[in-house]
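Student: My questions will all concern the structure given below.
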Amino acid sequence: MTSSALLVMDVQRDVVDLADDGSGYLPRLRGAIDGARAAGIPVIYVRMGLRPGDPEVSTRSKVMANVLRAGLFTEGAPGSEIHPGIAPWPGDVVVTKRRGSAFSGSDLDLVLRARGIDSLVLTGIATSAVVLSTLWHAVDLDLGVTVLADGCLDTDPEVHRMLVERLFPQWADVFTIADWLGAIGAPRPLS
């Protein structure tokens, strides 16, 4: 039997401020989180965190150089906190990663194995970063993967659309939040 977990990835204050397009992303994501809880599916939060002084950042990484220039993800900084609109509950697992994939530099794999989780439902910001990287990593680990298309957000709407409509369906099941909630028997949020 498949045991799933909902991953809520990089939905941190500064990231939401950069990417939120005014489409109601946080309330939609809150509906997915509430529905997962109602269906008994664990919710695991993943956040990007870099130590002060950035000892884990290589000068050879273009991506990480851009992150540093933007002043993002420093552990302890208010902007690096998980957004209060979807904040974890006491007892929720919060994983800190050091790179794009939720698995990179984190103990996510250990948490999943300890809980017998073999299938992931992915949400987060950005579709072209953490969601894409985590999807590839999960597929390589032979995990089942579902992506909630409207539970993901990207600063480039066209890249988001191309990923969720054309690329992701090759490796994962892709649902809207409402359709996924119906599939797991959870109450759908009010629109």
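Quick note on naming: the chains in the structure tokens go A, B, ... in the order shown, residues restart at 1 in each chain, and ligands are numbered from 1 in order of appearance.
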Quick one: residues within 8 Å of Thr123 (chain A), only C-alpha atoms, excluding same-chain residues fewer than 2 positions away - as a PyMOL selection string?

Tutor: chain A and resi 6-9+29+121+125+131+147-149+151-152

Student: Set the distance at 12 Å and use only C-alpha atoms: which residues neighbour Glu165 (chain A) once local chain neighbours fewer than 4 positions away are removed? I'd like the list as a list in words.

Tutor: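 Here the answer would be Thr127, Val147, Leu148, Ala149, Asp150, Pro157, Glu158, Val159, His160, Arg161, Pro169, Gln170, Trp171, Ala172, Asp173, Val174, Phe175 and Thr176 of chain A.
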
Student: For a test of reading the model, state the distance in Å between CA of Ile86 (chain A) and CA of Leu18 (chain A), rounded to one decimal.

Tutor: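 Computing the Euclidean distance for CA of Ile86 (chain A) and CA of Leu18 (chain A) yields 16.5 Å.
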
Student: Please identify which residues in region 30-107 of chain A DSSP calls helix (DSSP H, G or I) from the backbone, and express them as a list in words.

Tutor: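 Selection result, helix (DSSP H, G or I) within region 30-107 of chain A: Arg30, Gly31, Ala32, Ile33, Asp34, Gly35, Ala36, Arg37, Ala38, Lys62, Val63, Met64, Ala65, Asn66, Val67, Leu68, Arg69, Ala70, Pro78, Gly79, Ser80, Pro84, Gly85 and Ile86 of chain A.
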
Student: Quick one: pull the distance between CA of Ile44 (chain A) and CA of Lys62 (chain A), Å, one decimal.

Tutor: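 Computed distance, CA of Ile44 (chain A) to CA of Lys62 (chain A), equals 28.2 Å.
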
Student: Under the rule that only C-alpha atoms are counted, which of A:Asp92, A:Lys97, A:Phe103, A:Asp17 is the nearest residue to Leu50 (chain A)?

Tutor: A:Lys97

Student: Pick the closest to Gly76 (chain A) from A:Val95, A:Ala102, A:Leu143, A:Met48: which is it, counting only C-alpha atoms?

Tutor: A:Met48

Student: Fewer than 6 positions away in the same chain doesn't count, so skip those; otherwise give me all residues within 8 Å of region 36-38 of chain A, counting only C-alpha atoms, as a list in words.

Tutor: Leu6, Leu181, Ala186 and Pro187 of chain A

Student: Under the rule that only C-alpha atoms are counted, which of A:Gly22, A:Gly100, A:Gly79, A:Gly116 is the nearest residue to Thr134 (chain A)?

Tutor: A:Gly100

Student: Just the number, please: distance in Å from CA of Val164 (chain A) to CA of Arg113 (chain A), one decimal.

Tutor: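 Interatomic distance, CA of Val164 (chain A) to CA of Arg113 (chain A): 27.2 Å.
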
Student: Determine the nearest neighbour of Ala183 (chain A) from the options A:Ala39, A:Ala5, A:Ala87, A:Val15, counting only C-alpha atoms.

Tutor: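 Of A:Ala39, A:Ala5, A:Ala87, A:Val15, the one nearest Ala183 (chain A), counting only C-alpha atoms, is A:Ala39.
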
Student: Have a look at A:Ala178, A:Ile82, A:Leu26, A:Ala19 and name the one nearest to Arg47 (chain A); count only C-alpha atoms.

Tutor: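 Of A:Ala178, A:Ile82, A:Leu26, A:Ala19, the one nearest Arg47 (chain A), counting only C-alpha atoms, is A:Ile82.
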
Student: Would you please extract all strand (DSSP E or B) residues from region 89-142 of chain A, as assigned by DSSP on the backbone, and give them as number ranges by chain?

Tutor: A: 93-97, 119-125
